[in-house]
$ cat final-v1.txt   # compact mmCIF, C-alpha atoms and all ligand atoms
# COMPACT_ATOMS: atom_id res chain seq x y z
CA MET A 1 162.56 146.78 100.99
CA PHE A 2 163.78 149.81 99.06
CA ASN A 3 167.40 149.46 100.19
CA ARG A 4 168.73 150.76 96.91
CA PHE A 5 166.58 153.89 97.20
CA LYS A 6 167.94 154.68 100.66
CA GLU A 7 171.48 154.07 99.50
CA LYS A 8 171.09 156.37 96.50
CA LEU A 9 169.54 159.14 98.56
CA SER A 10 172.56 159.43 100.79
CA GLY A 11 174.37 161.18 97.91
CA PHE A 12 171.80 163.97 97.96
CA LYS A 13 171.89 164.29 101.74
CA ASP A 14 175.69 164.33 101.90
CA SER A 15 175.95 166.83 99.10
CA LEU A 16 173.46 169.19 100.72
CA SER A 17 175.10 168.80 104.14
CA SER A 18 178.52 169.67 102.82
CA LYS A 19 177.17 172.72 100.96
CA ILE A 20 175.60 173.95 104.16
CA GLN A 21 178.74 173.24 106.18
CA GLU A 22 180.76 175.17 103.63
CA LYS A 23 178.47 178.18 103.94
CA VAL A 24 178.35 177.94 107.71
CA SER A 25 182.11 177.98 108.02
CA LYS A 26 182.40 180.91 105.64
CA ALA A 27 179.86 182.79 107.73
CA GLU A 28 181.68 181.77 110.90
CA ASP A 29 184.89 183.19 109.48
CA ARG A 30 183.10 186.41 108.77
CA VAL A 31 181.77 186.56 112.31
CA SER A 32 185.18 186.05 113.87
CA ALA A 33 186.73 188.56 111.48
CA GLY A 34 184.03 190.98 112.54
CA LYS A 35 184.85 190.21 116.16
CA LYS A 36 188.39 191.49 115.78
CA GLU A 37 187.39 194.62 113.99
CA LYS A 38 184.55 196.99 114.17
CA PRO A 39 181.11 195.46 114.38
CA SER A 40 179.26 195.39 111.16
CA LYS A 41 176.46 197.76 110.33
CA MET A 42 174.00 194.98 110.72
CA LEU A 43 175.19 194.09 114.21
CA GLU A 44 175.16 197.71 115.25
CA ALA A 45 171.67 198.11 114.08
CA GLU A 46 170.34 194.91 115.56
CA THR A 47 172.06 194.89 118.90
CA GLU A 48 169.36 196.85 120.60
CA THR A 49 166.71 194.30 119.89
CA LEU A 50 168.97 191.45 120.85
CA GLU A 51 169.61 192.63 124.34
CA PRO A 52 167.95 190.89 127.20
CA ARG A 53 165.85 193.38 129.12
CA SER A 54 166.92 192.37 132.61
CA GLU A 55 170.33 190.86 132.85
CA PRO A 56 172.12 191.35 136.15
CA GLU A 57 175.65 190.33 135.20
CA ARG A 58 176.57 193.46 133.43
CA ALA A 59 180.25 193.24 134.30
CA ILE A 60 180.87 190.17 132.25
CA SER A 61 178.07 190.78 129.92
CA LYS A 62 179.64 193.00 127.37
CA PRO A 63 181.90 191.28 124.90
CA ASN A 64 184.38 193.95 123.93
CA ASN A 65 184.40 193.25 120.31
CA LEU A 66 180.68 193.20 119.90
CA GLU A 67 180.08 196.43 121.65
CA PRO A 68 177.13 198.15 120.19
CA ALA A 69 177.36 201.55 118.70
CA LYS A 70 176.27 204.40 120.85
CA SER A 71 172.60 204.64 121.17
CA ASN A 72 170.28 207.02 122.92
CA LYS A 73 169.76 204.66 125.80
CA SER A 74 172.59 204.40 128.30
CA GLU A 75 174.71 201.28 128.73
CA GLU A 76 173.47 200.94 132.32
CA ALA A 77 169.93 200.60 131.18
CA LYS A 78 170.55 197.68 128.91
CA PRO A 79 173.03 195.20 130.20
CA LYS A 80 173.60 191.96 128.37
CA SER A 81 174.92 188.54 129.20
CA LYS A 82 178.28 187.30 128.11
CA PHE A 83 177.01 184.62 125.81
CA SER A 84 173.58 185.50 124.70
CA LEU A 85 174.53 188.55 122.75
CA PHE A 86 177.31 186.88 120.89
CA GLN A 87 175.23 183.83 120.17
CA LYS A 88 172.33 185.84 118.99
CA ALA A 89 174.53 188.00 116.88
CA LYS A 90 176.05 184.91 115.43
CA SER A 91 172.73 183.35 114.58
CA LEU A 92 171.64 186.63 113.18
CA VAL A 93 174.57 186.59 110.84
CA PHE A 94 173.60 183.13 109.84
CA GLU A 95 170.03 184.04 109.30
CA GLN A 96 171.24 186.85 107.14
CA GLU A 97 173.93 185.03 105.29
CA VAL A 98 173.54 181.31 105.38
CA VAL A 99 170.71 181.20 102.99
CA LEU A 100 170.73 178.51 100.35
CA GLU A 101 170.87 179.95 96.91
CA GLU A 102 170.12 178.29 93.63
CA LYS A 103 173.77 177.76 92.80
CA ASP A 104 174.39 176.03 96.14
CA LEU A 105 171.68 173.56 95.28
CA GLU A 106 172.90 172.61 91.84
CA GLU A 107 175.05 169.74 93.04
CA PRO A 108 172.71 168.35 95.70
CA LEU A 109 169.74 168.52 93.34
CA TRP A 110 171.67 166.79 90.61
CA ALA A 111 172.50 164.04 93.11
CA LEU A 112 168.82 163.84 94.01
CA GLU A 113 167.68 163.59 90.42
CA MET A 114 170.21 160.83 89.73
CA ALA A 115 169.12 158.98 92.86
CA LEU A 116 165.49 159.16 91.80
CA LEU A 117 166.16 158.07 88.23
CA GLU A 118 168.29 155.17 89.38
CA SER A 119 165.47 154.16 91.70
CA ASP A 120 162.97 153.74 88.87
CA VAL A 121 161.33 157.10 89.27
CA ALA A 122 160.32 158.14 85.77
CA LEU A 123 161.96 161.28 84.35
CA PRO A 124 159.01 163.70 84.46
CA VAL A 125 158.26 162.56 88.00
CA ALA A 126 161.89 162.97 89.11
CA GLU A 127 161.91 166.44 87.57
CA GLU A 128 158.78 167.42 89.42
CA ILE A 129 160.16 166.16 92.74
CA VAL A 130 163.43 168.03 92.19
CA LYS A 131 161.52 171.19 91.34
CA SER A 132 159.49 170.93 94.48
CA VAL A 133 162.52 170.27 96.71
CA LYS A 134 164.33 173.16 95.06
CA SER A 135 161.56 175.66 95.64
CA ASP A 136 161.41 174.48 99.24
CA LEU A 137 165.14 174.87 99.83
CA VAL A 138 166.03 178.00 97.89
CA GLY A 139 166.05 180.77 100.41
CA ALA A 140 165.90 178.30 103.32
CA LYS A 141 167.80 179.63 106.30
CA LYS A 142 170.12 177.27 108.00
CA LYS A 143 171.14 177.84 111.58
CA ILE A 144 174.19 176.38 113.22
CA GLY A 145 173.71 173.22 115.20
CA ALA A 146 170.72 171.94 113.33
CA ASP A 147 171.08 168.58 111.66
CA THR A 148 171.85 169.38 108.09
CA GLY A 149 170.67 165.98 106.89
CA GLU A 150 167.28 166.74 108.35
CA LEU A 151 166.70 169.62 105.99
CA ALA A 152 167.24 167.36 102.98
CA GLU A 153 164.99 164.67 104.42
CA THR A 154 162.14 166.94 105.41
CA SER A 155 162.10 168.67 102.10
CA LEU A 156 162.14 165.45 100.08
CA ARG A 157 159.61 163.79 102.37
CA ASN A 158 157.18 166.68 101.86
CA ALA A 159 157.62 166.56 98.10
CA LEU A 160 156.96 162.81 97.98
CA VAL A 161 153.97 162.83 100.31
CA ASP A 162 152.50 165.71 98.38
CA LEU A 163 152.92 163.92 95.06
CA LEU A 164 151.53 160.63 96.37
CA SER A 165 148.54 162.29 98.00
CA ARG A 166 147.18 163.72 94.78
CA ASN A 167 143.94 162.23 93.51
CA HIS A 168 143.57 160.36 96.74
CA LEU A 169 140.86 157.71 96.79
CA ASP A 170 139.99 155.92 99.99
CA PHE A 171 139.11 152.40 98.94
CA ASP A 172 137.12 151.61 102.10
CA GLU A 173 135.08 154.76 101.80
CA TYR A 174 134.56 154.10 98.12
CA VAL A 175 133.21 150.58 98.65
CA GLN A 176 131.07 151.72 101.54
CA THR A 177 129.34 154.47 99.63
CA ALA A 178 129.16 152.90 96.14
CA LYS A 179 125.95 151.38 94.85
CA LYS A 180 125.94 147.60 95.35
CA PRO A 181 127.04 145.38 93.87
CA VAL A 182 130.30 147.27 93.36
CA LYS A 183 131.87 145.98 90.15
CA ILE A 184 135.67 145.91 90.25
CA LEU A 185 137.70 144.76 87.26
CA PHE A 186 141.38 143.85 87.45
CA VAL A 187 143.60 144.29 84.39
CA GLY A 188 147.29 144.11 83.59
CA VAL A 189 149.97 142.03 81.92
CA ASN A 190 150.58 138.36 82.66
CA GLY A 191 152.11 137.18 85.91
CA THR A 192 152.02 140.48 87.73
CA GLY A 193 149.71 139.27 90.48
CA LYS A 194 146.16 140.03 89.34
CA THR A 195 144.65 136.75 90.50
CA THR A 196 146.57 136.78 93.79
CA SER A 197 145.55 140.39 94.40
CA ILE A 198 141.89 139.54 93.75
CA ALA A 199 142.10 136.85 96.43
CA LYS A 200 143.77 139.28 98.83
CA VAL A 201 141.20 142.00 98.17
CA ALA A 202 138.39 139.44 98.58
CA LYS A 203 139.77 138.55 102.00
CA TYR A 204 140.20 142.22 102.86
CA LEU A 205 136.57 142.92 101.95
CA GLN A 206 135.31 139.88 103.85
CA ASP A 207 137.23 141.04 106.91
CA ASN A 208 135.43 144.36 106.56
CA GLY A 209 132.05 142.66 106.50
CA TYR A 210 131.29 142.60 102.78
CA SER A 211 130.07 139.67 100.71
CA VAL A 212 132.07 138.96 97.59
CA VAL A 213 131.59 137.17 94.25
CA LEU A 214 134.53 136.29 92.04
CA ALA A 215 134.34 136.22 88.24
CA ALA A 216 136.78 133.87 86.49
CA GLY A 217 137.34 136.24 83.60
CA ASP A 218 140.72 134.81 82.59
CA THR A 219 139.39 132.26 80.12
CA PHE A 220 142.56 132.47 78.09
CA ARG A 221 145.36 130.90 80.12
CA ALA A 222 145.20 127.19 80.94
CA GLY A 223 144.75 126.69 84.66
CA ALA A 224 143.66 130.25 85.33
CA ILE A 225 140.09 129.31 86.27
CA GLU A 226 141.32 126.58 88.60
CA GLN A 227 143.78 128.97 90.23
CA LEU A 228 141.00 131.39 91.14
CA GLU A 229 138.76 128.50 92.15
CA VAL A 230 141.29 127.36 94.75
CA HIS A 231 141.19 130.84 96.31
CA ALA A 232 137.38 130.92 96.18
CA GLY A 233 137.30 127.56 97.98
CA LYS A 234 139.75 128.68 100.67
CA LEU A 235 137.92 131.95 101.24
CA GLY A 236 134.49 130.38 101.02
CA VAL A 237 133.20 132.75 98.34
CA LYS A 238 131.13 132.10 95.23
CA MET A 239 133.01 132.05 91.91
CA VAL A 240 131.22 132.31 88.57
CA LYS A 241 132.99 130.54 85.70
CA HIS A 242 132.57 129.38 82.11
CA LYS A 243 134.87 127.14 80.11
CA THR A 244 138.45 128.00 79.17
CA GLY A 245 138.31 129.74 75.79
CA GLY A 246 134.89 131.24 76.55
CA ASP A 247 133.98 134.91 76.31
CA PRO A 248 135.25 136.74 79.41
CA THR A 249 132.63 139.46 78.98
CA ALA A 250 129.90 136.84 79.37
CA VAL A 251 131.50 135.39 82.53
CA ILE A 252 131.79 138.77 84.19
CA TYR A 253 128.28 139.72 83.11
CA ASP A 254 126.95 136.52 84.70
CA ALA A 255 128.85 137.16 87.91
CA ILE A 256 127.27 140.61 88.14
CA GLU A 257 123.81 139.13 87.57
CA TYR A 258 124.52 136.55 90.26
CA ALA A 259 125.59 139.28 92.70
CA LYS A 260 122.44 141.29 91.99
CA ALA A 261 120.19 138.27 92.44
CA HIS A 262 121.88 137.27 95.71
CA ASN A 263 122.46 140.72 97.20
CA LYS A 264 126.22 140.42 97.19
CA ASP A 265 128.21 143.56 97.87
CA VAL A 266 131.19 143.34 95.57
CA VAL A 267 132.10 141.57 92.32
CA LEU A 268 135.83 141.07 91.75
CA ALA A 269 136.48 140.19 88.13
CA ASP A 270 139.70 138.55 86.98
CA THR A 271 140.93 138.96 83.40
CA ALA A 272 143.63 137.39 81.28
CA GLY A 273 147.03 138.99 81.31
CA ARG A 274 147.58 140.98 78.16
CA LEU A 275 150.35 142.99 76.69
CA HIS A 276 149.41 146.51 75.72
CA THR A 277 150.86 145.67 72.29
CA ASN A 278 148.39 142.84 71.67
CA ILE A 279 145.66 144.53 69.68
CA ASN A 280 143.12 141.68 69.91
CA LEU A 281 143.41 141.31 73.65
CA MET A 282 143.28 145.05 74.19
CA ASP A 283 140.10 145.15 72.06
CA GLN A 284 138.69 142.33 74.15
CA MET A 285 139.43 144.32 77.32
CA ARG A 286 137.66 147.38 75.94
CA LYS A 287 134.66 145.18 75.14
CA ILE A 288 134.57 143.84 78.71
CA VAL A 289 134.61 147.42 79.99
CA ARG A 290 131.98 148.61 77.53
CA VAL A 291 129.53 145.81 78.30
CA THR A 292 130.03 145.19 82.02
CA LYS A 293 130.61 148.85 82.96
CA PRO A 294 132.87 148.31 85.98
CA ASP A 295 132.63 150.89 88.75
CA LEU A 296 136.33 150.65 89.40
CA LEU A 297 139.01 149.46 87.04
CA ILE A 298 142.18 148.44 88.81
CA PHE A 299 145.47 148.20 86.98
CA VAL A 300 147.78 145.62 88.56
CA ASP A 301 151.51 145.57 88.01
CA GLU A 302 154.60 144.56 89.89
CA ALA A 303 156.84 147.08 91.60
CA ILE A 304 159.94 145.20 90.52
CA ALA A 305 159.15 145.90 86.86
CA GLY A 306 160.16 149.51 87.49
CA ASN A 307 159.88 151.77 84.49
CA ASP A 308 158.30 148.99 82.40
CA ALA A 309 155.41 148.94 84.84
CA VAL A 310 155.12 152.71 84.60
CA GLU A 311 154.99 152.57 80.81
CA ARG A 312 152.37 149.80 80.89
CA ALA A 313 150.28 151.78 83.35
CA ARG A 314 150.34 154.71 80.96
CA LEU A 315 149.30 152.63 77.95
CA PHE A 316 146.55 150.72 79.77
CA ASN A 317 145.23 154.00 81.10
CA GLU A 318 145.08 155.37 77.59
CA SER A 319 143.07 152.35 76.49
CA VAL A 320 140.61 152.04 79.37
CA PRO A 321 139.87 154.46 82.20
CA ILE A 322 141.88 153.16 85.15
CA GLY A 323 140.52 154.18 88.54
CA GLY A 324 143.54 153.10 90.57
CA SER A 325 146.44 150.69 90.74
CA ILE A 326 147.71 147.84 92.83
CA LEU A 327 151.45 147.44 92.94
CA THR A 328 152.53 143.91 93.81
CA LYS A 329 155.81 142.33 94.88
CA THR A 330 156.81 145.46 96.73
CA ASP A 331 158.43 143.08 99.22
CA ALA A 332 161.02 142.21 96.57
CA ASP A 333 161.52 145.76 95.31
CA ALA A 334 164.77 147.48 96.21
CA LYS A 335 164.10 150.71 94.38
CA GLY A 336 160.64 151.92 95.24
CA GLY A 337 160.27 154.39 92.41
CA SER A 338 157.51 152.68 90.46
CA ALA A 339 154.81 153.38 93.06
CA ILE A 340 155.66 157.05 92.92
CA SER A 341 155.72 157.08 89.14
CA ILE A 342 152.56 155.06 88.48
CA ALA A 343 150.43 157.34 90.63
CA TYR A 344 151.85 160.35 88.81
CA ILE A 345 151.65 158.98 85.28
CA THR A 346 148.10 157.66 85.51
CA GLY A 347 146.87 160.53 87.64
CA LYS A 348 145.11 157.85 89.67
CA PRO A 349 145.95 156.65 93.14
CA VAL A 350 147.78 153.50 94.11
CA LEU A 351 145.17 151.69 96.18
CA PHE A 352 147.09 148.76 97.62
CA LEU A 353 150.59 147.39 97.75
CA GLY A 354 151.21 143.66 97.59
CA VAL A 355 153.92 142.76 100.09
CA GLY A 356 154.02 138.96 99.88
CA GLN A 357 152.19 135.86 98.79
CA THR A 358 149.69 135.28 101.58
CA TYR A 359 146.21 136.79 101.89
CA GLY A 360 147.34 139.13 104.64
CA ASP A 361 150.16 140.55 102.52
CA LEU A 362 148.14 143.47 101.24
CA VAL A 363 148.76 146.98 102.52
CA LYS A 364 146.22 149.69 101.94
CA PHE A 365 148.21 152.44 100.31
CA GLU A 366 149.02 155.43 102.48
CA PRO A 367 151.55 157.98 101.22
CA ASN A 368 153.19 158.21 104.63
CA TRP A 369 153.54 154.45 104.95
CA LEU A 370 155.49 154.31 101.71
CA VAL A 371 157.55 157.42 102.33
CA ASP A 372 158.52 156.21 105.83
CA ARG A 373 159.93 153.09 104.25
CA LEU A 374 161.55 154.85 101.33
CA MET A 375 163.31 157.26 103.65
CA GLY A 376 164.32 154.45 105.98
CA GLU A 377 162.35 155.76 108.94
CA ALA A 378 160.37 152.56 109.37
CA GLU A 379 161.30 148.96 109.02
CA ALA A 380 160.01 147.08 106.02
N1 LIG A 401 156.45 138.22 96.61
C1 LIG A 401 155.26 138.46 96.10
N2 LIG A 401 154.73 137.65 95.17
C2 LIG A 401 153.52 137.95 94.66
C3 LIG A 401 152.79 139.08 95.08
N3 LIG A 401 151.63 139.10 94.39
C4 LIG A 401 151.64 138.03 93.57
N4 LIG A 401 152.77 137.32 93.73
C5 LIG A 401 153.18 136.09 93.03
O1 LIG A 401 153.28 136.35 91.65
C6 LIG A 401 152.97 135.21 90.88
C7 LIG A 401 151.96 135.55 89.80
O2 LIG A 401 150.74 135.89 90.43
P1 LIG A 401 149.32 135.76 89.72
O3 LIG A 401 148.32 136.27 90.67
O4 LIG A 401 149.11 134.40 89.19
O5 LIG A 401 149.52 136.78 88.50
P2 LIG A 401 148.51 137.09 87.28
O6 LIG A 401 149.03 136.35 86.09
O7 LIG A 401 148.61 138.56 87.08
O8 LIG A 401 147.15 136.67 87.69
C8 LIG A 401 152.46 134.19 91.89
O9 LIG A 401 153.49 133.27 92.16
C9 LIG A 401 152.14 135.00 93.11
O10 LIG A 401 152.27 134.26 94.31
C10 LIG A 401 153.40 139.95 96.08
O11 LIG A 401 152.86 140.99 96.49
N5 LIG A 401 154.62 139.59 96.53
MG MG A 402 145.85 135.42 86.72
$ encode --input "final-v1.txt" --output "structure tokens"
Amino acid sequence: MFNRFKEKLSGFKDSLSSKIQEKVSKAEDRVSAGKKEKPSKMLEAETETLEPRSEPERAISKPNNLEPAKSNKSEEAKPKSKFSLFQKAKSLVFEQEVVLEEKDLEEPLWALEMALLESDVALPVAEEIVKSVKSDLVGAKKKIGADTGELAETSLRNALVDLLSRNHLDFDEYVQTAKKPVKILFVGVNGTGKTTSIAKVAKYLQDNGYSVVLAAGDTFRAGAIEQLEVHAGKLGVKMVKHKTGGDPTAVIYDAIEYAKAHNKDVVLADTAGRLHTNINLMDQMRKIVRVTKPDLLIFVDEAIAGNDAVERARLFNESVPIGGSILTKTDADAKGGSAISIAYITGKPVLFLGVGQTYGDLVKFEPNWLVDRLMGEAEA
């Protein structure tokens, strides 16, 4: 999962690390140059505050070349250890001088933007991530000894989690508090995993103690009703159906009526796959929405479709008000960018990720879960 993403990111990390190393060694050179000559103004000024208050080993404590300028207090009163002063002075220099500036970040940020774009992160989203990482890193102080790769990771991780946490919607909380029956409609193009996701969500809801009714709203594709019926049979839930070729609005309407009459908690309505370019089918979808008034409209697409999925999410969202997305086939996705992009483009949360073909292969979306996997900090 997401191997390509991890691979691409290493360019950003390496580039940032080498920039920092470059600056650190320049600063180190300055420190050792300063060691041979007179201490710098800054060291003179700061030495007082750097001195340990009670250091017994005065004899070895005073590095010749870092001798502080004369101050009012006597030498006897403020001894210092051999190493601490030099180390502190050194880190002080670094705090003063190894600060990442905008020009240092040009190369690493370019590498990051390329990595994101090549990982199916849409352009405006990649730009926003880069902007956020940049504002986090410009002016960041880098001390010697710290893992330089960590700085890149932390900064990117924060940017991604922040982006993915916007417009958060907790599905469990939503279902719990919504008026019953909760009407959930699934839309998207053909073959992306709508019907499979409905079965998975039905199982998920059952496991959480809810009763579920399925609506066989894909009356268009041959075999679609039977496909959902097999799931309904396996899960032991009621499915409302009409004939193939019938009006999907009527099927879904009937399923809602059934749920009301039988006190069922949730209606999950399937629909035919449709391309956003098919005017008739898009009109039909708007009619379903207008008449059945779903509480939550879920756009389903497959992670492996990358930028195509992002574009479809945008166009569906313009046509009907999407409340959230499910991204399927994440298990087969090497890039990982579409989840990030779809949440951003629709302004609506990703609710679940499909990670396989069995009922259990549904992961409730958590920004950290995804980012851990994208950054390679957790196994797929
Ligand atoms: N690997 C994998 N396959 C999936 C996932 N979700 C759905 N599929 C498969 O994708 C194919 C199309 O799914 P289906 O639910 O019929 O798509 P629909 O046309 O949108 O209803 C089926 O073979 C599913 O088993 C997933 O998360 N991972
Ligand atoms: Mg289907």
$ closest_atom_pairs --input "final-v1.txt" --of "chain A" --to "ligand LIG 401 (chain A)" --cutoff "6 Å" --atoms "only C-alpha atoms and all ligand atoms" --output "tab-separated table"
residue	atom	partner	partner_atom	distance
A:Asn190	CA	A:LIG401	O6	4.3
A:Gly191	CA	A:LIG401	O6	3.2
A:Thr192	CA	A:LIG401	O7	4.0
A:Gly193	CA	A:LIG401	O5	3.2
A:Lys194	CA	A:LIG401	O7	3.6
A:Thr195	CA	A:LIG401	O3	3.7
A:Thr196	CA	A:LIG401	O3	3.6
A:Gly273	CA	A:LIG401	O6	5.8
A:Thr328	CA	A:LIG401	O11	4.0
A:Lys329	CA	A:LIG401	N5	3.4
A:Thr330	CA	A:LIG401	O11	6.0
A:Asp331	CA	A:LIG401	N5	5.8
A:Gly354	CA	A:LIG401	O11	3.3
A:Val355	CA	A:LIG401	O11	4.1
A:Gly356	CA	A:LIG401	N5	3.5
A:Gln357	CA	A:LIG401	O10	4.8
$ residues_around --input "final-v1.txt" --residues "region 365-368 of chain A" --least-positions-apart "2" --cutoff "8 Å" --atoms "all atoms listed in the file" --output "mmCIF file with C-alpha atoms, in the coordinates of the input"
data_model
loop_
_atom_site.group_PDB
_atom_site.id
_atom_site.type_symbol
_atom_site.label_atom_id
_atom_site.label_comp_id
_atom_site.auth_asym_id
_atom_site.auth_seq_id
_atom_site.Cartn_x
_atom_site.Cartn_y
_atom_site.Cartn_z
ATOM 1 C CA LEU A 160 156.960 162.810 97.980
ATOM 2 C CA VAL A 161 153.970 162.830 100.310
ATOM 3 C CA LEU A 164 151.530 160.630 96.370
ATOM 4 C CA SER A 165 148.540 162.290 98.000
ATOM 5 C CA VAL A 350 147.780 153.500 94.110
ATOM 6 C CA LEU A 351 145.170 151.690 96.180
ATOM 7 C CA PHE A 352 147.090 148.760 97.620
ATOM 8 C CA LEU A 353 150.590 147.390 97.750
ATOM 9 C CA VAL A 363 148.760 146.980 102.520
ATOM 10 C CA LEU A 370 155.490 154.310 101.710
ATOM 11 C CA VAL A 371 157.550 157.420 102.330
ATOM 12 C CA ASP A 372 158.520 156.210 105.830
#
$ closest_atom_pairs --input "final-v1.txt" --of "chain A" --to "ligand MG 402 (chain A)" --cutoff "12 Å" --atoms "all atoms listed in the file" --output "JSON lines"
{"residue": "A:Phe186", "atom": "CA", "partner": "A:MG402", "partner_atom": "MG", "distance": 9.6}
{"residue": "A:Val187", "atom": "CA", "partner": "A:MG402", "partner_atom": "MG", "distance": 9.4}
{"residue": "A:Gly188", "atom": "CA", "partner": "A:MG402", "partner_atom": "MG", "distance": 9.3}
{"residue": "A:Val189", "atom": "CA", "partner": "A:MG402", "partner_atom": "MG", "distance": 9.1}
{"residue": "A:Asn190", "atom": "CA", "partner": "A:MG402", "partner_atom": "MG", "distance": 6.9}
{"residue": "A:Gly191", "atom": "CA", "partner": "A:MG402", "partner_atom": "MG", "distance": 6.6}
{"residue": "A:Thr192", "atom": "CA", "partner": "A:MG402", "partner_atom": "MG", "distance": 8.0}
{"residue": "A:Gly193", "atom": "CA", "partner": "A:MG402", "partner_atom": "MG", "distance": 6.6}
{"residue": "A:Lys194", "atom": "CA", "partner": "A:MG402", "partner_atom": "MG", "distance": 5.3}
{"residue": "A:Thr195", "atom": "CA", "partner": "A:MG402", "partner_atom": "MG", "distance": 4.2}
{"residue": "A:Thr196", "atom": "CA", "partner": "A:MG402", "partner_atom": "MG", "distance": 7.2}
{"residue": "A:Ser197", "atom": "CA", "partner": "A:MG402", "partner_atom": "MG", "distance": 9.2}
{"residue": "A:Ile198", "atom": "CA", "partner": "A:MG402", "partner_atom": "MG", "distance": 9.1}
{"residue": "A:Ala199", "atom": "CA", "partner": "A:MG402", "partner_atom": "MG", "distance": 10.5}
{"residue": "A:Ala215", "atom": "CA", "partner": "A:MG402", "partner_atom": "MG", "distance": 11.6}
{"residue": "A:Ala216", "atom": "CA", "partner": "A:MG402", "partner_atom": "MG", "distance": 9.2}
{"residue": "A:Gly217", "atom": "CA", "partner": "A:MG402", "partner_atom": "MG", "distance": 9.1}
{"residue": "A:Asp218", "atom": "CA", "partner": "A:MG402", "partner_atom": "MG", "distance": 6.6}
{"residue": "A:Thr219", "atom": "CA", "partner": "A:MG402", "partner_atom": "MG", "distance": 9.8}
{"residue": "A:Phe220", "atom": "CA", "partner": "A:MG402", "partner_atom": "MG", "distance": 9.7}
{"residue": "A:Arg221", "atom": "CA", "partner": "A:MG402", "partner_atom": "MG", "distance": 8.0}
{"residue": "A:Ala222", "atom": "CA", "partner": "A:MG402", "partner_atom": "MG", "distance": 10.1}
{"residue": "A:Gly223", "atom": "CA", "partner": "A:MG402", "partner_atom": "MG", "distance": 9.0}
{"residue": "A:Ala224", "atom": "CA", "partner": "A:MG402", "partner_atom": "MG", "distance": 5.8}
{"residue": "A:Ile225", "atom": "CA", "partner": "A:MG402", "partner_atom": "MG", "distance": 8.4}
{"residue": "A:Glu226", "atom": "CA", "partner": "A:MG402", "partner_atom": "MG", "distance": 10.1}
{"residue": "A:Gln227", "atom": "CA", "partner": "A:MG402", "partner_atom": "MG", "distance": 7.6}
{"residue": "A:Leu228", "atom": "CA", "partner": "A:MG402", "partner_atom": "MG", "distance": 7.7}
{"residue": "A:Glu229", "atom": "CA", "partner": "A:MG402", "partner_atom": "MG", "distance": 11.3}
{"residue": "A:His231", "atom": "CA", "partner": "A:MG402", "partner_atom": "MG", "distance": 11.6}
{"residue": "A:Ala269", "atom": "CA", "partner": "A:MG402", "partner_atom": "MG", "distance": 10.6}
{"residue": "A:Asp270", "atom": "CA", "partner": "A:MG402", "partner_atom": "MG", "distance": 6.9}
{"residue": "A:Thr271", "atom": "CA", "partner": "A:MG402", "partner_atom": "MG", "distance": 6.9}
{"residue": "A:Ala272", "atom": "CA", "partner": "A:MG402", "partner_atom": "MG", "distance": 6.2}
{"residue": "A:Gly273", "atom": "CA", "partner": "A:MG402", "partner_atom": "MG", "distance": 6.6}
{"residue": "A:Arg274", "atom": "CA", "partner": "A:MG402", "partner_atom": "MG", "distance": 10.4}
{"residue": "A:Val300", "atom": "CA", "partner": "A:MG402", "partner_atom": "MG", "distance": 10.5}
{"residue": "A:Asp301", "atom": "CA", "partner": "A:MG402", "partner_atom": "MG", "distance": 11.7}
$ closest_residue --input "final-v1.txt" --among "A:Asp120, A:Asp283, A:Glu107, A:Asp254" --to "Phe2 (chain A)" --atoms "only C-alpha atoms"
A:Asp120
$ closest_residue --input "final-v1.txt" --among "A:Asp207, A:Asp265, A:Glu113, A:Asp162" --to "Lys179 (chain A)" --atoms "all atoms listed in the file"
A:Asp265
$ atom_distance --input "final-v1.txt" --atom1 "CA of Leu296 (chain A)" --atom2 "CA of Tyr174 (chain A)"
9.5 Å
$ residues_around --input "final-v1.txt" --residues "Asp136 (chain A)" --least-positions-apart "6" --cutoff "12 Å" --atoms "all atoms listed in the file" --output "list in words"
Leu100, Glu101, Glu102, Leu105, Leu109, Ile129, Val130, Leu151, Ala152, Glu153, Thr154, Ser155, Leu156, Arg157, Asn158 and Ala159 of chain A
$ write_last_selection --input "final-v1.txt" --atoms "C-alpha atoms" --output "PDB file, in the coordinates of the input"
ATOM      1  CA  LEU A 100     170.730 178.510 100.350  1.00  0.00           C
ATOM      2  CA  GLU A 101     170.870 179.950  96.910  1.00  0.00           C
ATOM      3  CA  GLU A 102     170.120 178.290  93.630  1.00  0.00           C
ATOM      4  CA  LEU A 105     171.680 173.560  95.280  1.00  0.00           C
ATOM      5  CA  LEU A 109     169.740 168.520  93.340  1.00  0.00           C
ATOM      6  CA  ILE A 129     160.160 166.160  92.740  1.00  0.00           C
ATOM      7  CA  VAL A 130     163.430 168.030  92.190  1.00  0.00           C
ATOM      8  CA  LEU A 151     166.700 169.620 105.990  1.00  0.00           C
ATOM      9  CA  ALA A 152     167.240 167.360 102.980  1.00  0.00           C
ATOM     10  CA  GLU A 153     164.990 164.670 104.420  1.00  0.00           C
ATOM     11  CA  THR A 154     162.140 166.940 105.410  1.00  0.00           C
ATOM     12  CA  SER A 155     162.100 168.670 102.100  1.00  0.00           C
ATOM     13  CA  LEU A 156     162.140 165.450 100.080  1.00  0.00           C
ATOM     14  CA  ARG A 157     159.610 163.790 102.370  1.00  0.00           C
ATOM     15  CA  ASN A 158     157.180 166.680 101.860  1.00  0.00           C
ATOM     16  CA  ALA A 159     157.620 166.560  98.100  1.00  0.00           C
TER      17      ALA A 159
END
$ atom_distance --input "final-v1.txt" --atom1 "CA of Val201 (chain A)" --atom2 "CA of Thr346 (chain A)"
21.3 Å
$ closest_residue --input "final-v1.txt" --among "A:Leu275, A:Val266, A:Val230, A:Ala178" --to "Ala202 (chain A)" --atoms "only C-alpha atoms"
A:Val266
